[in-house]
>>> print(open('run-v4.pdb').read())   # PDB, C-alpha atoms
ATOM      1  CA  MET A   1     117.303 157.348 110.419
ATOM      2  CA  LYS A   2     116.868 161.075 110.182
ATOM      3  CA  ALA A   3     117.717 163.520 107.469
ATOM      4  CA  ARG A   4     117.613 167.213 106.788
ATOM      5  CA  VAL A   5     116.940 168.681 103.352
ATOM      6  CA  THR A   6     117.774 172.356 102.984
ATOM      7  CA  VAL A   7     116.308 174.296 100.071
ATOM      8  CA  THR A   8     117.786 177.659  99.156
ATOM      9  CA  LEU A   9     117.335 180.081  96.275
ATOM     10  CA  LYS A  10     119.966 179.915  93.564
ATOM     11  CA  THR A  11     122.498 182.700  93.363
ATOM     12  CA  GLY A  12     121.204 185.624  91.364
ATOM     13  CA  ILE A  13     117.520 184.873  92.038
ATOM     14  CA  LEU A  14     115.906 187.907  93.615
ATOM     15  CA  ASP A  15     114.752 187.177  97.170
ATOM     16  CA  PRO A  16     112.289 189.873  98.302
ATOM     17  CA  GLN A  17     111.612 188.084 101.592
ATOM     18  CA  GLY A  18     115.317 187.836 102.416
ATOM     19  CA  LYS A  19     115.687 191.540 101.598
ATOM     20  CA  ALA A  20     112.807 192.425 103.938
ATOM     21  CA  ILE A  21     114.340 190.339 106.747
ATOM     22  CA  GLU A  22     117.690 192.020 106.113
ATOM     23  CA  GLY A  23     116.012 195.422 106.372
ATOM     24  CA  ALA A  24     114.229 194.430 109.591
ATOM     25  CA  LEU A  25     117.490 193.250 111.187
ATOM     26  CA  LYS A  26     119.136 196.538 110.276
ATOM     27  CA  SER A  27     116.269 198.529 111.772
ATOM     28  CA  LEU A  28     116.512 196.416 114.942
ATOM     29  CA  GLY A  29     120.107 197.553 115.236
ATOM     30  CA  VAL A  30     121.635 194.080 114.865
ATOM     31  CA  ALA A  31     125.168 194.939 113.864
ATOM     32  CA  GLY A  32     127.352 193.295 111.246
ATOM     33  CA  ILE A  33     124.689 191.810 108.942
ATOM     34  CA  ALA A  34     125.776 192.205 105.330
ATOM     35  CA  SER A  35     122.924 190.361 103.604
ATOM     36  CA  VAL A  36     120.196 187.752 104.183
ATOM     37  CA  ARG A  37     118.830 185.026 101.903
ATOM     38  CA  GLN A  38     116.000 182.892 103.243
ATOM     39  CA  GLY A  39     115.137 179.269 102.507
ATOM     40  CA  LYS A  40     113.419 176.153 103.830
ATOM     41  CA  VAL A  41     114.451 173.260 106.048
ATOM     42  CA  PHE A  42     112.745 169.839 105.933
ATOM     43  CA  ASP A  43     113.443 167.434 108.791
ATOM     44  CA  ILE A  44     112.589 164.000 107.523
ATOM     45  CA  GLU A  45     112.414 160.685 109.291
ATOM     46  CA  LEU A  46     113.235 157.678 107.119
ATOM     47  CA  ALA A  47     111.652 154.261 107.449
ATOM     48  CA  GLY A  48     114.629 152.181 106.274
ATOM     49  CA  ALA A  49     118.158 151.872 107.636
ATOM     50  CA  ASP A  50     120.235 151.898 104.454
ATOM     51  CA  PRO A  51     121.940 155.288 104.003
ATOM     52  CA  ALA A  52     122.401 154.869 100.244
ATOM     53  CA  GLN A  53     118.712 154.085  99.783
ATOM     54  CA  ALA A  54     117.783 157.004 102.019
ATOM     55  CA  GLU A  55     119.953 159.356 100.015
ATOM     56  CA  ALA A  56     118.323 158.177  96.778
ATOM     57  CA  ALA A  57     114.796 158.582  98.188
ATOM     58  CA  LEU A  58     115.588 162.077  99.442
ATOM     59  CA  LYS A  59     117.048 163.104  96.111
ATOM     60  CA  ASP A  60     113.868 161.841  94.449
ATOM     61  CA  ALA A  61     111.752 163.787  96.962
ATOM     62  CA  ALA A  62     113.746 166.979  96.452
ATOM     63  CA  ASP A  63     113.674 166.757  92.650
ATOM     64  CA  LYS A  64     109.978 165.870  92.463
ATOM     65  CA  LEU A  65     108.540 168.167  95.091
ATOM     66  CA  LEU A  66     110.620 169.800  97.810
ATOM     67  CA  ALA A  67     112.587 172.101  95.511
ATOM     68  CA  ASN A  68     111.687 173.891  92.310
ATOM     69  CA  THR A  69     115.003 173.387  90.564
ATOM     70  CA  VAL A  70     114.318 176.287  88.212
ATOM     71  CA  ILE A  71     115.080 178.662  91.070
ATOM     72  CA  GLU A  72     116.204 176.572  94.021
ATOM     73  CA  ASN A  73     119.140 174.396  95.077
ATOM     74  CA  TYR A  74     118.905 171.694  97.691
ATOM     75  CA  ASN A  75     121.267 169.986 100.059
ATOM     76  CA  ILE A  76     120.720 166.567 101.616
ATOM     77  CA  GLU A  77     122.189 165.615 104.945
ATOM     78  CA  VAL A  78     121.570 162.082 106.254
ATOM     79  CA  ARG A  79     122.155 161.671 109.992
ATOM     80  CA  SER A  80     122.308 158.095 111.195
TER      81      SER A  80
ATOM     82  CA  MET B  81      82.965 174.649  73.330
ATOM     83  CA  LYS B  82      83.247 171.890  75.911
ATOM     84  CA  SER B  83      85.346 173.107  78.770
ATOM     85  CA  ALA B  84      86.563 171.351  81.883
ATOM     86  CA  ILE B  85      87.511 173.269  85.037
ATOM     87  CA  LEU B  86      89.910 171.564  87.420
ATOM     88  CA  VAL B  87      88.970 171.685  91.087
ATOM     89  CA  PHE B  88      91.631 171.351  93.765
ATOM     90  CA  PRO B  89      91.103 171.809  97.505
ATOM     91  CA  GLY B  90      91.607 175.516  98.222
ATOM     92  CA  ILE B  91      90.670 176.733  94.737
ATOM     93  CA  ASN B  92      88.090 179.528  94.955
ATOM     94  CA  ARG B  93      87.618 181.009  91.469
ATOM     95  CA  GLU B  94      86.151 177.971  89.773
ATOM     96  CA  ARG B  95      82.583 179.290  89.834
ATOM     97  CA  ASP B  96      83.561 182.712  88.472
ATOM     98  CA  MET B  97      85.329 180.861  85.675
ATOM     99  CA  ALA B  98      82.322 178.599  85.040
ATOM    100  CA  ARG B  99      80.047 181.633  84.771
ATOM    101  CA  ALA B 100      82.350 183.374  82.291
ATOM    102  CA  LEU B 101      82.687 180.230  80.161
ATOM    103  CA  GLN B 102      78.951 179.611  80.229
ATOM    104  CA  LEU B 103      78.324 183.214  79.131
ATOM    105  CA  ALA B 104      80.786 182.976  76.267
ATOM    106  CA  SER B 105      79.990 179.503  74.993
ATOM    107  CA  GLY B 106      76.415 178.847  76.081
ATOM    108  CA  SER B 107      77.350 175.491  77.518
ATOM    109  CA  GLU B 108      78.021 174.519  81.085
ATOM    110  CA  PRO B 109      81.628 173.556  81.882
ATOM    111  CA  ALA B 110      82.382 170.253  83.593
ATOM    112  CA  MET B 111      83.973 170.419  87.033
ATOM    113  CA  VAL B 112      86.809 167.912  87.250
ATOM    114  CA  TRP B 113      88.073 166.791  90.646
ATOM    115  CA  HIS B 114      91.832 166.726  91.261
ATOM    116  CA  ALA B 115      91.848 162.991  92.014
ATOM    117  CA  ASP B 116      90.247 162.103  88.665
ATOM    118  CA  THR B 117      92.582 160.507  86.179
ATOM    119  CA  GLU B 118      90.666 161.388  83.015
ATOM    120  CA  LEU B 119      89.129 164.450  81.449
ATOM    121  CA  PRO B 120      85.542 164.279  80.160
ATOM    122  CA  LYS B 121      85.373 162.941  76.613
ATOM    123  CA  GLY B 122      85.358 165.624  73.946
ATOM    124  CA  THR B 123      86.925 168.316  76.149
ATOM    125  CA  ASP B 124      88.041 171.313  74.031
ATOM    126  CA  LEU B 125      89.481 173.476  76.777
ATOM    127  CA  VAL B 126      90.925 172.719  80.205
ATOM    128  CA  VAL B 127      90.909 175.575  82.704
ATOM    129  CA  VAL B 128      93.020 175.679  85.842
ATOM    130  CA  PRO B 129      91.320 178.369  87.925
ATOM    131  CA  GLY B 130      92.614 180.688  90.613
ATOM    132  CA  GLY B 131      92.592 180.378  94.360
ATOM    133  CA  PHE B 132      94.899 178.916  96.944
ATOM    134  CA  SER B 133      95.243 175.230  96.126
ATOM    135  CA  TYR B 134      96.480 173.273  99.150
ATOM    136  CA  GLY B 135      96.772 176.536 101.074
ATOM    137  CA  ASP B 136      99.760 177.574  98.955
ATOM    138  CA  TYR B 137     101.795 175.187 101.136
ATOM    139  CA  LEU B 138     105.414 174.523 100.112
ATOM    140  CA  ARG B 139     105.213 176.779  97.015
ATOM    141  CA  CYS B 140     102.139 178.165  95.255
ATOM    142  CA  GLY B 141     100.789 175.461  92.965
ATOM    143  CA  ALA B 142     103.497 172.925  93.837
ATOM    144  CA  ILE B 143     101.223 170.294  95.343
ATOM    145  CA  ALA B 144      98.354 170.733  92.881
ATOM    146  CA  ALA B 145     100.846 170.326  90.022
ATOM    147  CA  ARG B 146     101.498 166.750  91.223
ATOM    148  CA  ALA B 147      97.795 165.788  91.550
ATOM    149  CA  PRO B 148      96.570 162.765  89.519
ATOM    150  CA  VAL B 149      94.445 164.881  87.148
ATOM    151  CA  MET B 150      97.539 166.750  85.980
ATOM    152  CA  ASP B 151      98.832 163.665  84.150
ATOM    153  CA  ALA B 152      95.642 163.762  82.078
ATOM    154  CA  VAL B 153      96.163 167.507  81.485
ATOM    155  CA  ARG B 154      99.763 166.923  80.378
ATOM    156  CA  LYS B 155      98.561 164.319  77.907
ATOM    157  CA  PHE B 156      95.756 166.613  76.689
ATOM    158  CA  ALA B 157      98.226 169.478  76.183
ATOM    159  CA  GLY B 158     100.701 167.106  74.526
ATOM    160  CA  ASP B 159      97.995 166.269  71.975
ATOM    161  CA  GLY B 160      97.561 169.983  71.259
ATOM    162  CA  GLY B 161      94.526 170.601  73.502
ATOM    163  CA  LEU B 162      93.916 174.133  74.777
ATOM    164  CA  VAL B 163      94.760 174.812  78.426
ATOM    165  CA  LEU B 164      94.152 178.090  80.266
ATOM    166  CA  GLY B 165      95.600 178.737  83.725
ATOM    167  CA  VAL B 166      94.664 181.870  85.639
ATOM    168  CA  CYS B 167      96.447 183.139  88.773
ATOM    169  CA  ASN B 168      96.994 180.042  90.931
ATOM    170  CA  GLY B 169      96.314 178.154  87.698
ATOM    171  CA  PHE B 170      99.332 179.874  86.095
ATOM    172  CA  GLN B 171     101.439 178.911  89.112
ATOM    173  CA  ILE B 172     100.219 175.303  88.835
ATOM    174  CA  LEU B 173     101.060 175.167  85.105
ATOM    175  CA  CYS B 174     104.592 176.453  85.799
ATOM    176  CA  GLU B 175     105.102 173.975  88.634
ATOM    177  CA  SER B 176     103.815 171.134  86.453
ATOM    178  CA  GLY B 177     106.321 171.911  83.716
ATOM    179  CA  LEU B 178     103.656 172.805  81.139
ATOM    180  CA  LEU B 179     104.992 176.370  81.104
ATOM    181  CA  PRO B 180     108.559 177.541  81.751
ATOM    182  CA  GLY B 181     109.642 179.766  84.623
ATOM    183  CA  VAL B 182     108.217 180.432  88.036
ATOM    184  CA  LEU B 183     106.038 182.941  89.889
ATOM    185  CA  MET B 184     107.919 184.451  92.812
ATOM    186  CA  ARG B 185     106.764 186.678  95.672
ATOM    187  CA  ASN B 186     105.708 190.118  94.450
ATOM    188  CA  ALA B 187     108.768 192.363  94.424
ATOM    189  CA  ARG B 188     107.269 194.653  97.073
ATOM    190  CA  LEU B 189     105.954 191.675  99.087
ATOM    191  CA  LYS B 190     102.384 192.949  99.220
ATOM    192  CA  PHE B 191      99.297 191.050  98.128
ATOM    193  CA  ILE B 192      97.984 193.051  95.180
ATOM    194  CA  CYS B 193      94.222 193.180  94.662
ATOM    195  CA  HIS B 194      92.998 195.805  92.190
ATOM    196  CA  ASP B 195      92.358 196.387  88.504
ATOM    197  CA  VAL B 196      95.350 196.545  86.177
ATOM    198  CA  HIS B 197      95.828 197.359  82.529
ATOM    199  CA  LEU B 198      97.218 194.770  80.175
ATOM    200  CA  ARG B 199      98.589 195.220  76.700
ATOM    201  CA  VAL B 200      97.593 192.455  74.303
ATOM    202  CA  GLU B 201     100.805 191.770  72.401
ATOM    203  CA  ARG B 202      99.348 189.915  69.413
ATOM    204  CA  SER B 203      95.928 188.886  68.216
ATOM    205  CA  ASP B 204      96.750 185.808  66.119
ATOM    206  CA  THR B 205      96.445 183.215  68.900
ATOM    207  CA  PRO B 206      93.431 181.281  70.247
ATOM    208  CA  PHE B 207      93.825 183.184  73.529
ATOM    209  CA  THR B 208      93.924 186.700  72.063
ATOM    210  CA  ARG B 209      91.972 186.609  68.811
ATOM    211  CA  GLY B 210      89.080 188.380  70.543
ATOM    212  CA  TYR B 211      91.320 191.451  70.825
ATOM    213  CA  ASN B 212      93.449 193.600  68.553
ATOM    214  CA  ALA B 213      97.234 193.578  68.810
ATOM    215  CA  GLY B 214      98.287 196.499  71.003
ATOM    216  CA  GLN B 215      94.837 196.807  72.582
ATOM    217  CA  VAL B 216      94.775 197.723  76.278
ATOM    218  CA  ILE B 217      92.324 195.865  78.501
ATOM    219  CA  ARG B 218      91.424 196.360  82.158
ATOM    220  CA  VAL B 219      91.119 193.279  84.369
ATOM    221  CA  PRO B 220      91.580 192.593  88.082
ATOM    222  CA  VAL B 221      94.547 190.920  89.753
ATOM    223  CA  ALA B 222      94.589 189.299  93.187
ATOM    224  CA  HIS B 223      97.882 187.671  94.063
ATOM    225  CA  GLY B 224     100.869 187.673  96.370
ATOM    226  CA  GLU B 225     103.120 185.603  94.099
ATOM    227  CA  GLY B 226     102.816 186.880  90.557
ATOM    228  CA  ASN B 227     106.340 188.026  89.890
ATOM    229  CA  TYR B 228     107.225 186.011  86.785
ATOM    230  CA  GLU B 229     110.863 184.970  86.542
ATOM    231  CA  ALA B 230     112.790 182.676  84.230
ATOM    232  CA  ASP B 231     116.431 182.341  83.240
ATOM    233  CA  GLU B 232     117.810 184.706  80.608
ATOM    234  CA  GLU B 233     117.749 182.094  77.859
ATOM    235  CA  THR B 234     114.079 181.241  78.500
ATOM    236  CA  LEU B 235     113.110 184.924  78.549
ATOM    237  CA  GLN B 236     114.893 185.484  75.248
ATOM    238  CA  ARG B 237     113.113 182.505  73.748
ATOM    239  CA  LEU B 238     109.724 183.716  75.001
ATOM    240  CA  GLU B 239     110.300 187.147  73.482
ATOM    241  CA  GLY B 240     111.864 185.847  70.274
ATOM    242  CA  ASP B 241     109.014 183.425  69.623
ATOM    243  CA  GLY B 242     106.311 185.952  70.497
ATOM    244  CA  ARG B 243     105.091 183.893  73.428
ATOM    245  CA  VAL B 244     104.398 186.834  75.728
ATOM    246  CA  LEU B 245     100.700 187.535  75.079
ATOM    247  CA  TYR B 246      99.872 189.927  77.925
ATOM    248  CA  ARG B 247     101.994 192.588  79.641
ATOM    249  CA  TYR B 248     101.259 194.959  82.532
ATOM    250  CA  CYS B 249     101.010 198.511  81.242
ATOM    251  CA  SER B 250      99.513 201.953  81.819
ATOM    252  CA  ALA B 251      95.981 202.890  80.729
ATOM    253  CA  SER B 252      97.497 204.135  77.482
ATOM    254  CA  GLY B 253      99.510 200.966  76.873
ATOM    255  CA  GLU B 254     102.924 202.124  78.052
ATOM    256  CA  VAL B 255     105.020 199.297  79.494
ATOM    257  CA  SER B 256     107.423 200.514  82.188
ATOM    258  CA  ASP B 257     108.645 199.701  85.693
ATOM    259  CA  ALA B 258     106.056 202.098  87.108
ATOM    260  CA  HIS B 259     103.226 199.904  85.789
ATOM    261  CA  ASN B 260     104.916 196.578  86.442
ATOM    262  CA  ILE B 261     102.829 195.841  89.530
ATOM    263  CA  ASN B 262     104.710 192.810  90.851
ATOM    264  CA  GLY B 263     108.215 193.150  89.419
ATOM    265  CA  ALA B 264     107.737 190.473  86.745
ATOM    266  CA  ALA B 265     110.515 190.043  84.189
ATOM    267  CA  ALA B 266     109.709 192.229  81.134
ATOM    268  CA  SER B 267     106.334 193.103  82.738
ATOM    269  CA  ILE B 268     105.072 189.648  81.778
ATOM    270  CA  ALA B 269     101.457 188.977  82.787
ATOM    271  CA  GLY B 270     100.770 186.009  80.516
ATOM    272  CA  ILE B 271     102.737 183.561  78.353
ATOM    273  CA  VAL B 272     102.006 180.599  76.122
ATOM    274  CA  SER B 273     103.765 177.269  75.722
ATOM    275  CA  GLU B 274     106.080 176.511  72.826
ATOM    276  CA  ARG B 275     103.199 175.068  70.769
ATOM    277  CA  GLY B 276     101.004 177.994  71.721
ATOM    278  CA  ASN B 277      98.198 175.865  73.171
ATOM    279  CA  VAL B 278      98.786 176.482  76.893
ATOM    280  CA  LEU B 279      98.291 179.984  78.333
ATOM    281  CA  GLY B 280      99.146 181.035  81.875
ATOM    282  CA  MET B 281      98.252 184.493  83.147
ATOM    283  CA  MET B 282      98.089 186.150  86.563
ATOM    284  CA  PRO B 283      95.137 188.565  85.999
ATOM    285  CA  HIS B 284      91.515 187.410  86.118
ATOM    286  CA  PRO B 285      89.707 188.017  82.802
ATOM    287  CA  GLU B 286      86.775 185.947  84.136
ATOM    288  CA  ASN B 287      86.020 188.724  86.609
ATOM    289  CA  HIS B 288      85.399 191.357  83.947
ATOM    290  CA  VAL B 289      82.769 189.788  81.718
ATOM    291  CA  GLU B 290      79.449 191.344  82.737
ATOM    292  CA  ALA B 291      78.219 194.932  82.942
ATOM    293  CA  ILE B 292      77.423 194.499  86.638
ATOM    294  CA  MET B 293      81.157 193.904  87.235
ATOM    295  CA  GLY B 294      81.852 197.408  85.959
ATOM    296  CA  CYS B 295      83.840 196.276  82.949
ATOM    297  CA  THR B 296      83.616 193.617  80.236
ATOM    298  CA  ASP B 297      87.193 193.709  78.929
ATOM    299  CA  GLY B 298      87.764 190.075  79.900
ATOM    300  CA  ARG B 299      85.115 188.819  77.488
ATOM    301  CA  GLY B 300      87.395 188.955  74.461
ATOM    302  CA  LEU B 301      89.574 186.148  75.750
ATOM    303  CA  PHE B 302      86.652 183.732  76.133
ATOM    304  CA  ALA B 303      84.884 184.879  72.967
ATOM    305  CA  GLY B 304      88.145 184.372  71.073
ATOM    306  CA  LEU B 305      88.468 180.804  72.352
ATOM    307  CA  VAL B 306      84.881 180.014  71.333
ATOM    308  CA  GLU B 307      85.526 181.468  67.877
ATOM    309  CA  HIS B 308      88.800 179.584  67.506
ATOM    310  CA  LEU B 309      87.184 176.254  68.385
ATOM    311  CA  ALA B 310      84.168 176.886  66.167
ATOM    312  CA  LYS B 311      86.506 177.512  63.262
ATOM    313  CA  ALA B 312      88.636 174.472  64.021
ATOM    314  CA  ALA B 313      85.579 172.188  64.176
TER     315      ALA B 313
END
>>> encode(input="run-v4.pdb", output="structure tokens")
Amino acid sequence: MKARVTVTLKTGILDPQGKAIEGALKSLGVAGIASVRQGKVFDIELAGADPAQAEAALKDAADKLLANTVIENYNIEVRS
Amino acid sequence: MKSAILVFPGINRERDMARALQLASGSEPAMVWHADTELPKGTDLVVVPGGFSYGDYLRCGAIAARAPVMDAVRKFAGDGGLVLGVCNGFQILCESGLLPGVLMRNARLKFICHDVHLRVERSDTPFTRGYNAGQVIRVPVAHGEGNYEADEETLQRLEGDGRVLYRYCSASGEVSDAHNINGAAASIAGIVSERGNVLGMMPHPENHVEAIMGCTDGRGLFAGLVEHLAKAA
């Protein structure tokens, strides 16, 4: 079983890297970009086959390590 | 003063810290490996030094904060023991939950490596008693992620309880955006925990303790700790 955990900055948290990327896209002349926020993607392979167990393990992983919940949100997507 | 310096892979300021502590206290600090589960008996002060633990992978300090030795540090701090985290050490203390908030990328994205001025906000704490309140000291910084942020409620609590001990400022002690090198909330350079026994700071006082370094302004922090512990004993 495979899963993807996406970690993004919470709304309102300043994102200097996103701002720099936004600026670079504008200077490249890429049209129509209003704003950019950057984050992280974790592609995770799970050992078991039970989706509920997988979801619980991923939530544990995200809370304990993958995200700093002071500033970040995460989203878990299990793909069977 | 018996101090213990934590050593994680990728840390690189542990020997600077040991030298400063040795100078101030006259006794050699113990080096404690990250996989250890106990601190040396009789430890008075735990220091989490600067560097790039685990290559700053994932988030600065995130992996070190989950190392086995940190459970012992949490217990030590819970019992009122003194903990000092500098630079990466500050990041590790925030990630481990011993201090609130987080250190984000510097607002202007650049790695900053030069001397800065800090205003000592109060002198009645173990970490600042070697200084006078309002005193300006000059110490180096070297970081890419030192931009302290916390939610509004936490910031209000830090200010209200007098837990901001060091702030970036001008040579004359003026705190303003122009001297806020990394964009930190309220120019915060160093804060203490609710009980006041855990300090995290981005600048490196251990690098300004000997005449050959060009400045000895960092000495006060270590001398103050030695004095505090001598008095407590």
>>> residues_around(input="run-v4.pdb", residues="B:Met81", least_positions_apart="2", cutoff="12 Å", atoms="all atoms listed in the file", output="JSON, numbers by chain")
{"B": [83, 84, 101, 102, 103, 104, 105, 106, 107, 108, 109, 110, 122, 123, 124, 125, 126, 162, 302, 303, 304, 305, 306, 307, 308, 309, 310, 311, 312, 313]}
>>> closest_residue(input="run-v4.pdb", among="A:Asn68, A:Ser27, A:Ser35, A:Thr11", to="chain B", atoms="all atoms listed in the file")
A:Asn68
>>> interface_residues(input="run-v4.pdb", of="chain A", to="chain B", cutoff="9 Å", atoms="only C-alpha atoms", output="list in words")
Ile13, Leu14, Asp15, Pro16, Gln17, Ala20, Lys40, Lys64, Leu65, Leu66, Ala67, Asn68, Val70 and Ile71 of chain A
>>> write_last_selection(input="run-v4.pdb", atoms="C-alpha atoms", output="PDB file, in the frame of the given file")
ATOM      1  CA  ILE A  13     117.520 184.873  92.038  1.00  0.00           C
ATOM      2  CA  LEU A  14     115.906 187.907  93.615  1.00  0.00           C
ATOM      3  CA  ASP A  15     114.752 187.177  97.170  1.00  0.00           C
ATOM      4  CA  PRO A  16     112.289 189.873  98.302  1.00  0.00           C
ATOM      5  CA  GLN A  17     111.612 188.084 101.592  1.00  0.00           C
ATOM      6  CA  ALA A  20     112.807 192.425 103.938  1.00  0.00           C
ATOM      7  CA  LYS A  40     113.419 176.153 103.830  1.00  0.00           C
ATOM      8  CA  LYS A  64     109.978 165.870  92.463  1.00  0.00           C
ATOM      9  CA  LEU A  65     108.540 168.167  95.091  1.00  0.00           C
ATOM     10  CA  LEU A  66     110.620 169.800  97.810  1.00  0.00           C
ATOM     11  CA  ALA A  67     112.587 172.101  95.511  1.00  0.00           C
ATOM     12  CA  ASN A  68     111.687 173.891  92.310  1.00  0.00           C
ATOM     13  CA  VAL A  70     114.318 176.287  88.212  1.00  0.00           C
ATOM     14  CA  ILE A  71     115.080 178.662  91.070  1.00  0.00           C
TER      15      ILE A  71
END
>>> closest_residue(input="run-v4.pdb", among="B:Arg154, B:Arg95, B:His288, B:Arg218", to="B:Leu179", atoms="only C-alpha atoms")
B:Arg154
>>> resolve_selection(input="run-v4.pdb", expression="the PyMOL selection byres ((chain A and resi 57) around 12)", output="mmCIF file with C-alpha atoms, in the coordinates of the input")
data_model
loop_
_atom_site.group_PDB
_atom_site.id
_atom_site.type_symbol
_atom_site.label_atom_id
_atom_site.label_comp_id
_atom_site.auth_asym_id
_atom_site.auth_seq_id
_atom_site.Cartn_x
_atom_site.Cartn_y
_atom_site.Cartn_z
ATOM 1 C CA ALA A 3 117.717 163.520 107.469
ATOM 2 C CA VAL A 5 116.940 168.681 103.352
ATOM 3 C CA ILE A 44 112.589 164.000 107.523
ATOM 4 C CA GLU A 45 112.414 160.685 109.291
ATOM 5 C CA LEU A 46 113.235 157.678 107.119
ATOM 6 C CA ALA A 47 111.652 154.261 107.449
ATOM 7 C CA GLY A 48 114.629 152.181 106.274
ATOM 8 C CA ASP A 50 120.235 151.898 104.454
ATOM 9 C CA PRO A 51 121.940 155.288 104.003
ATOM 10 C CA ALA A 52 122.401 154.869 100.244
ATOM 11 C CA GLN A 53 118.712 154.085 99.783
ATOM 12 C CA ALA A 54 117.783 157.004 102.019
ATOM 13 C CA GLU A 55 119.953 159.356 100.015
ATOM 14 C CA ALA A 56 118.323 158.177 96.778
ATOM 15 C CA LEU A 58 115.588 162.077 99.442
ATOM 16 C CA LYS A 59 117.048 163.104 96.111
ATOM 17 C CA ASP A 60 113.868 161.841 94.449
ATOM 18 C CA ALA A 61 111.752 163.787 96.962
ATOM 19 C CA ALA A 62 113.746 166.979 96.452
ATOM 20 C CA ASP A 63 113.674 166.757 92.650
ATOM 21 C CA LYS A 64 109.978 165.870 92.463
ATOM 22 C CA LEU A 65 108.540 168.167 95.091
ATOM 23 C CA LEU A 66 110.620 169.800 97.810
ATOM 24 C CA ILE A 76 120.720 166.567 101.616
ATOM 25 C CA VAL A 78 121.570 162.082 106.254
#
>>> resolve_selection(input="run-v4.pdb", expression="the PyMOL selection byres ((chain B and resi 244-248) around 7)", output="PyMOL selection string")
chain B and resi 197-202+238-239+242-243+249+255+259-260+267-272
>>> closest_residue(input="run-v4.pdb", among="A:Leu9, A:Leu25, A:Met1, A:Val36", to="A:Tyr74", atoms="all atoms listed in the file")
A:Leu9
>>> atom_distance(input="run-v4.pdb", atom1="atom CA of B:Ala266", atom2="atom CA of B:Tyr228")
8.8 Å
>>> atom_distance(input="run-v4.pdb", atom1="atom CA of B:Pro89", atom2="atom CA of B:Gln171")
15.1 Å
>>> resolve_selection(input="run-v4.pdb", expression="the PyMOL selection byres ((chain B and resi 129-137) around 8)", output="PyMOL selection string")
chain B and resi 85-94+97+127-128+138-144+165-169
>>> atom_distance(input="run-v4.pdb", atom1="atom CA of A:Lys2", atom2="atom CA of A:Ser80")
6.3 Å
>>> residues_around(input="run-v4.pdb", residues="B:Leu119", least_positions_apart="6", cutoff="9 Å", atoms="only C-alpha atoms", output="compact mmCIF listing (two decimals) with C-alpha atoms, keeping the file's coordinate frame")
# COMPACT_ATOMS: atom_id res chain seq x y z
CA ALA B 84 86.56 171.35 81.88
CA VAL B 112 86.81 167.91 87.25
CA VAL B 126 90.92 172.72 80.20
CA VAL B 149 94.44 164.88 87.15
CA ALA B 152 95.64 163.76 82.08
CA VAL B 153 96.16 167.51 81.48
CA PHE B 156 95.76 166.61 76.69
>>> closest_residue(input="run-v4.pdb", among="B:Ala264, B:Met293, B:Leu178, B:Ala222", to="B:Val278", atoms="all atoms listed in the file")
B:Leu178
